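This is target_35.txt (compact mmCIF, C-alpha atoms (C1' of nucleotides)).
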```
# COMPACT_ATOMS: atom_id res chain seq x y z
CA MET A 1 120.29 100.12 92.16
CA CYS A 2 120.95 99.70 95.78
CA ALA A 3 119.61 96.18 96.02
CA ARG A 4 122.31 95.25 98.45
CA TYR A 5 124.30 96.98 101.15
CA GLU A 6 126.59 96.25 104.03
CA LEU A 7 126.49 97.05 107.72
CA ASN A 8 129.74 95.79 109.13
CA GLU A 9 130.20 97.51 112.46
CA GLN A 10 130.14 96.63 116.12
CA PRO A 11 126.84 97.27 117.95
CA ARG A 12 128.75 99.35 120.44
CA ASN A 13 130.01 101.67 117.70
CA ILE A 14 126.62 101.84 116.02
CA ALA A 15 125.09 102.90 119.32
CA VAL A 16 127.64 105.69 119.67
CA ARG A 17 127.40 106.79 116.06
CA PHE A 18 123.60 107.12 116.08
CA GLY A 19 123.09 108.14 119.67
CA LEU A 20 121.13 105.05 120.60
CA ASP A 21 119.73 104.49 124.06
CA ALA A 22 121.00 100.92 124.14
CA LEU A 23 122.93 98.44 122.07
CA PRO A 24 121.00 97.82 118.84
CA PRO A 25 119.58 94.42 117.87
CA VAL A 26 121.96 92.40 115.77
CA VAL A 27 121.60 90.24 112.70
CA ASN A 28 124.22 87.65 111.99
CA ARG A 29 125.18 88.77 108.51
CA ALA A 30 126.73 91.99 107.33
CA ILE A 31 125.35 91.92 103.79
CA ILE A 32 121.73 93.00 103.59
CA ARG A 33 119.47 91.95 100.72
CA PRO A 34 115.78 92.52 99.98
CA THR A 35 113.46 90.96 102.57
CA ASP A 36 116.31 90.60 105.07
CA GLN A 37 115.87 91.92 108.57
CA ALA A 38 118.05 94.97 109.07
CA LEU A 39 118.62 97.75 111.53
CA VAL A 40 116.71 100.99 111.16
CA VAL A 41 116.95 104.01 113.44
CA ARG A 42 114.04 106.31 114.17
CA SER A 43 113.78 109.51 116.15
CA GLY A 44 114.90 109.49 119.73
CA GLY A 45 117.59 106.85 119.40
CA ASP A 46 115.06 104.12 118.74
CA ALA A 47 116.69 101.25 116.81
CA VAL A 48 114.70 98.27 115.59
CA LEU A 49 114.92 95.47 113.08
CA CYS A 50 112.73 95.73 110.00
CA GLY A 51 112.46 93.77 106.78
CA TRP A 52 113.77 95.42 103.64
CA GLY A 53 111.00 96.20 101.21
CA PHE A 54 107.31 97.01 101.19
CA ASP A 55 105.09 94.22 99.96
CA VAL A 56 102.99 95.21 96.97
CA THR A 57 100.09 93.28 95.59
CA TRP A 58 101.08 93.59 91.97
CA ASP A 59 104.55 92.10 92.14
CA SER A 60 106.17 89.15 93.84
CA LYS A 61 109.20 91.27 94.53
CA PRO A 62 109.12 93.78 97.35
CA LEU A 63 109.45 97.48 96.68
CA ILE A 64 112.86 98.30 98.10
CA ASN A 65 113.45 101.88 96.93
CA GLY A 66 111.53 105.11 96.69
CA ARG A 67 112.43 107.97 94.38
CA ALA A 68 113.06 111.07 96.44
CA GLU A 69 111.98 113.39 93.63
CA THR A 70 108.46 112.02 93.43
CA LEU A 71 107.94 110.52 96.86
CA ASP A 72 105.23 112.98 97.89
CA GLN A 73 103.31 112.38 94.68
CA LYS A 74 102.94 108.63 95.02
CA PRO A 75 99.84 107.21 96.69
CA THR A 76 101.91 104.28 97.86
CA PHE A 77 104.26 106.49 99.85
CA ARG A 78 102.29 109.60 100.69
CA PRO A 79 100.64 108.13 103.80
CA TYR A 80 104.08 107.46 105.25
CA LEU A 81 106.00 110.67 104.65
CA GLU A 82 106.26 111.21 108.40
CA ASN A 83 107.40 107.64 109.07
CA ARG A 84 110.98 108.52 108.40
CA CYS A 85 113.99 106.51 109.42
CA VAL A 86 117.67 106.20 108.72
CA VAL A 87 119.29 102.96 107.67
CA PRO A 88 122.83 102.46 108.98
CA ALA A 89 125.31 101.15 106.43
CA THR A 90 129.04 100.81 105.87
CA GLY A 91 128.76 100.59 102.09
CA TYR A 92 126.44 99.61 99.29
CA PHE A 93 126.87 97.66 96.09
CA GLU A 94 126.29 98.88 92.59
CA TRP A 95 126.77 97.13 89.28
CA ARG A 96 128.33 99.10 86.49
CA THR A 97 127.33 97.80 83.11
CA GLY A 98 130.43 97.56 80.96
CA GLU A 99 131.02 96.48 77.40
CA ARG A 100 131.28 92.83 78.22
CA ALA A 101 130.38 92.32 81.81
CA LYS A 102 128.88 93.88 84.88
CA HIS A 103 131.27 95.17 87.46
CA LYS A 104 130.35 95.14 91.09
CA ASN A 105 131.33 98.24 93.02
CA PHE A 106 131.48 98.83 96.75
CA ILE A 107 130.56 102.44 97.41
CA ARG A 108 130.75 104.66 100.46
CA PRO A 109 131.34 108.28 101.41
CA ALA A 110 134.97 109.17 102.07
CA ASP A 111 134.26 110.90 105.37
CA GLN A 112 132.08 108.37 107.20
CA ALA A 113 132.81 104.73 107.94
CA THR A 114 129.24 104.14 109.08
CA TYR A 115 126.63 106.35 107.52
CA ALA A 116 122.89 106.86 107.30
CA MET A 117 120.71 106.21 104.30
CA ALA A 118 117.37 107.99 104.33
CA GLY A 119 114.33 105.74 104.41
CA LEU A 120 110.74 105.20 105.43
CA ALA A 121 109.78 102.52 107.95
CA VAL A 122 106.22 101.25 108.25
CA ASN A 123 104.80 98.09 109.78
CA ASN A 124 108.20 96.60 110.40
CA ARG A 125 109.28 97.12 106.79
CA PHE A 126 111.49 99.78 105.32
CA ILE A 127 112.53 101.25 102.00
CA VAL A 128 115.64 103.22 101.04
CA LEU A 129 115.20 106.51 99.21
CA THR A 130 117.16 107.20 96.04
CA CYS A 131 118.34 110.34 94.26
CA ALA A 132 120.53 111.39 91.35
CA PRO A 133 124.13 110.24 91.79
CA ALA A 134 127.04 112.26 93.13
CA PRO A 135 129.50 113.31 90.39
CA GLY A 136 132.17 110.81 91.36
CA ILE A 137 129.93 107.79 90.90
CA ALA A 138 127.67 108.92 88.09
CA HIS A 139 129.64 106.75 85.68
CA ILE A 140 128.63 103.67 87.64
CA HIS A 141 124.92 104.25 87.90
CA ASN A 142 122.26 106.87 87.39
CA ARG A 143 120.91 106.60 90.94
CA MET A 144 122.26 106.36 94.47
CA PRO A 145 120.79 105.94 97.93
CA VAL A 146 120.23 109.21 99.76
CA ILE A 147 123.06 109.56 102.28
CA LEU A 148 122.52 112.05 105.05
CA SER A 149 125.13 114.16 106.75
CA PRO A 150 125.28 113.33 110.46
CA ASP A 151 124.15 116.81 111.39
CA CYS A 152 121.07 116.45 109.20
CA GLU A 153 119.94 113.15 110.64
CA PRO A 154 118.03 114.55 113.64
CA ASP A 155 116.14 116.95 111.40
CA TRP A 156 115.24 114.21 108.94
CA LEU A 157 114.04 111.96 111.77
CA ASP A 158 112.11 114.64 113.66
CA PRO A 159 108.47 113.53 113.46
CA GLY A 160 107.41 117.09 114.16
CA GLN A 161 108.77 118.24 110.83
CA PRO A 162 106.43 118.01 107.88
CA PHE A 163 107.93 116.22 104.92
CA SER A 164 108.08 119.46 102.97
CA ALA A 165 110.46 120.87 105.57
CA VAL A 166 112.94 118.02 105.33
CA ALA A 167 112.69 117.09 101.65
CA HIS A 168 115.69 119.29 100.86
CA HIS A 169 117.93 116.70 102.54
CA LEU A 170 117.12 114.19 99.81
CA VAL A 171 119.93 115.02 97.41
CA ALA A 172 123.21 113.47 96.32
CA TYR A 173 125.87 113.40 99.00
CA ASP A 174 128.18 116.39 98.67
CA ARG A 175 130.01 116.63 101.97
CA ALA A 176 132.84 114.44 100.74
CA PRO A 177 133.73 112.42 97.66
CA MET A 178 132.09 109.08 97.16
CA LEU A 179 134.59 106.22 97.01
CA ALA A 180 133.98 103.30 94.70
CA GLU A 181 136.04 100.12 94.72
CA GLU A 182 135.41 97.92 91.74
CA GLU A 183 135.53 94.25 92.44
CA GLN A 184 138.21 92.57 90.39
CA PRO A 185 136.97 90.04 87.87
CA PRO A 186 137.18 86.59 89.38
CA VAL A 187 140.29 84.70 88.41
CA ALA A 188 139.29 81.83 86.19
CA ASP A 189 141.56 79.39 87.92
CA GLN A 190 140.16 76.21 86.48
CA GLY A 191 143.52 74.95 85.27
CA ASP A 192 143.13 71.67 83.52
CA LEU A 193 139.38 71.37 83.48
CA PHE A 194 139.63 70.65 79.76
CA HIS A 195 142.88 68.67 79.72
C1' DC B 196 111.33 87.44 97.61
C1' DC B 197 111.91 85.39 93.11
C1' DA B 198 112.91 85.43 88.12
C1' DG B 199 116.63 84.84 85.38
C1' DA B 200 121.36 83.93 84.63
C1' DC B 201 124.99 80.90 84.92
C1' DG B 202 130.12 82.49 79.24
C1' DT B 203 132.38 85.58 76.01
C1' DT B 204 138.91 84.75 75.78
C1' DG B 205 141.80 85.78 71.68
C1' DT B 206 143.81 81.85 68.66
C1' DT B 207 148.84 77.85 72.93
C1' DG C 208 122.45 74.47 92.61
C1' DT C 209 123.93 79.11 93.33
C1' DC C 210 124.41 83.72 92.24
C1' DT C 211 122.50 88.09 90.66
C1' DG C 212 119.86 92.19 91.03
C1' DG C 213 115.58 94.96 91.49
C1' DC D 214 83.15 97.95 81.76
C1' DC D 215 87.84 96.68 81.56
C1' DA D 216 92.68 97.14 80.48
C1' DG D 217 96.43 98.91 82.51
C1' DA D 218 98.79 100.98 86.15
C1' DC D 219 100.46 100.65 90.53
C1' DG D 220 107.45 101.63 92.40
C1' DT D 221 111.84 100.73 90.84
C1' DT D 222 115.51 100.08 88.07
C1' DG D 223 117.35 100.28 83.67
C1' DT D 224 116.28 100.51 78.72
C1' DT D 225 113.84 96.18 74.63
C1' DG E 226 94.18 93.97 95.29
C1' DT E 227 92.54 98.54 94.02
C1' DC E 228 92.47 102.62 91.48
C1' DT E 229 92.41 105.24 87.09
C1' DG E 230 91.42 106.46 82.44
C1' DG E 231 89.23 105.82 78.20
```
Starting from the file, give its structure as structure tokens.
Amino acid sequence: MCARYELNEQPRNIAVRFGLDALPPVVNRAIIRPTDQALVVRSGGDAVLCGWGFDVTWDSKPLINGRAETLDQKPTFRPYLENRCVVPATGYFEWRTGERAKHKNFIRPADQATYAMAGLAVNNRFIVLTCAPAPGIAHIHNRMPVILSPDCEPDWLDPGQPFSAVAHHLVAYDRAPMLAEEEQPPVADQGDLFH
DNA sequence: CCAGACGTTGTT
DNA sequence: GTCTGG
DNA sequence: CCAGACGTTGTT
DNA sequence: GTCTGG
């Protein structure tokens, strides 16, 4: 899940939305994929670019997600429970497995154009935390990124809070419905390829 | 990053 | 070769 | 010692 | 690569 997301918003608006001190650094593409540099916000309006995924020695692929339910039990994550961040996004992509094909969905909360995913950021890398899905999108996938309400973001980011005091934020988004737009199957417009 | 897929209709 | 998805 | 896990996701 | 369990 959540192996791709979008941040399609003007730096100016991102700065306002997340209370940044200055305009955030910019990357030239809106679609973010594993290993890409992307914007993360830490406490105090500190916005930096980090690469998506922690490198692990046992796999060539980076570790891009962390399960919220077990985060504080994993040796890989436990040292970093206070290195919390939020990851600005305007939507994320999820593939629903259908009878015949996979259907790509673009998913976002109904009440926020630009929202915050909960994450950890360490050594210029970040991961996105996942939780059980909200009811409206459970048919698409059994996980979703943790999406924070704006009023919870400062608490989540507060480095003075122990993880145990902020872990309750790591649940499916329930402030508004989740909207999912399913990408239409591509039109096989190959006319007379076989004529 | 990198392994694995890349196509699956409806019988003109 | 390019796209997909974790 | 040494095989297997180690995160995830999705599920052969 | 390093840790864990048998």
Skip range 197-204 of chain B itself and residues of its chain fewer than 3 positions away, then list as a ChimeraX atom specification all residues within 8 Å of it, counting all atoms listed in the file. /A:60-61,100 /C:210-211
Residue list for chain A near chain D as number ranges by chain, 9 Å, all atoms listed in the file: A: 1, 56-58, 63-67, 74, 76, 143
Create the file for the chosen residues now, containing C-alpha atoms and written as a PDB file, in the coordinates of the input.
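Written out: selection_2.pdb:
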```
ATOM      1  CA  MET A   1     120.290 100.120  92.160  1.00  0.00           C
ATOM      2  CA  VAL A  56     102.990  95.210  96.970  1.00  0.00           C
ATOM      3  CA  THR A  57     100.090  93.280  95.590  1.00  0.00           C
ATOM      4  CA  TRP A  58     101.080  93.590  91.970  1.00  0.00           C
ATOM      5  CA  LEU A  63     109.450  97.480  96.680  1.00  0.00           C
ATOM      6  CA  ILE A  64     112.860  98.300  98.100  1.00  0.00           C
ATOM      7  CA  ASN A  65     113.450 101.880  96.930  1.00  0.00           C
ATOM      8  CA  GLY A  66     111.530 105.110  96.690  1.00  0.00           C
ATOM      9  CA  ARG A  67     112.430 107.970  94.380  1.00  0.00           C
ATOM     10  CA  LYS A  74     102.940 108.630  95.020  1.00  0.00           C
ATOM     11  CA  THR A  76     101.910 104.280  97.860  1.00  0.00           C
ATOM     12  CA  ARG A 143     120.910 106.600  90.940  1.00  0.00           C
TER      13      ARG A 143
END
```
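Here CA of Arg96 in chain A is placed at a distance of 4.7 Å from CA of Ile140 in chain A.
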Between CA of Leu148 in chain A and CA of Ala30 in chain A, what is the spacing in Å? 20.6 Å
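Taking CA of Gln112 in chain A as the reference point, CA of Ala180 in chain A is found at 13.6 Å.
Among the candidates A:Asn83, A:Pro75, A:Asp155, A:Gln10, the one nearest to chain E when counting all atoms listed in the file is A:Pro75.
The protein and nucleic acid residues lying at most 8 Å from Asp21 in chain A are Ala15, Gly45 and Asp46 of chain A, with all atoms listed in the file considered and sequence neighbours fewer than 5 positions away removed.
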Let me know the centre plus edge lengths, in Å and rounded to one decimal, of a box with edges along x, y and z that contains all listed atoms of range 71-82 of chain A and is padded by 4 Å on every side, as JSON.
```
{"center_x": 103.9, "center_y": 108.6, "center_z": 101.5, "size_x": 16.1, "size_y": 16.7, "size_z": 21.7}
```
If I only have part of range 21-36 of chain A, can you fill in N, CA and C atoms and write it as a tab-separated table (two decimals), keeping the file's coordinate frame?
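Result saved to part_20.tsv:
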```
chain	number	residue	atom	x	y	z
A	21	ASP	N	119.91	104.63	122.62
A	21	ASP	CA	119.73	104.49	124.06
A	21	ASP	C	120.41	103.23	124.58
A	22	ALA	N	120.47	102.21	123.72
A	22	ALA	CA	121.00	100.92	124.14
A	22	ALA	C	121.68	100.28	122.94
A	23	LEU	N	122.33	99.16	123.19
A	23	LEU	CA	122.93	98.44	122.07
A	23	LEU	C	121.81	98.01	121.11
A	24	PRO	N	122.05	98.16	119.80
A	24	PRO	CA	121.00	97.82	118.84
A	24	PRO	C	120.87	96.31	118.68
A	25	PRO	N	119.71	95.84	118.21
A	25	PRO	CA	119.58	94.42	117.87
A	25	PRO	C	120.54	94.08	116.73
A	26	VAL	N	120.92	92.83	116.70
A	26	VAL	CA	121.96	92.40	115.77
A	26	VAL	C	121.42	91.31	114.84
A	27	VAL	N	121.84	91.37	113.60
A	27	VAL	CA	121.60	90.24	112.70
A	27	VAL	C	122.95	89.61	112.42
A	28	ASN	N	122.94	88.35	112.04
A	28	ASN	CA	124.22	87.65	111.99
A	28	ASN	C	124.99	87.82	110.69
A	29	ARG	N	124.43	88.58	109.74
A	29	ARG	CA	125.18	88.77	108.51
A	29	ARG	C	125.30	90.24	108.17
A	30	ALA	N	126.45	90.59	107.62
A	30	ALA	CA	126.73	91.99	107.33
A	30	ALA	C	126.09	92.45	106.03
A	31	ILE	N	125.91	91.54	105.08
A	31	ILE	CA	125.35	91.92	103.79
A	31	ILE	C	123.83	91.82	103.86
A	32	ILE	N	123.19	92.92	103.50
A	32	ILE	CA	121.73	93.00	103.59
A	32	ILE	C	121.13	92.96	102.19
A	33	ARG	N	120.13	92.09	102.01
A	33	ARG	CA	119.47	91.95	100.72
A	33	ARG	C	117.97	92.11	100.92
A	34	PRO	N	117.23	92.34	99.84
A	34	PRO	CA	115.78	92.52	99.98
A	34	PRO	C	115.16	91.41	100.80
A	35	THR	N	114.22	91.78	101.62
A	35	THR	CA	113.46	90.96	102.57
A	35	THR	C	114.24	90.62	103.84
A	36	ASP	N	115.53	90.86	103.86
A	36	ASP	CA	116.31	90.60	105.07
A	36	ASP	C	115.89	91.54	106.19
```
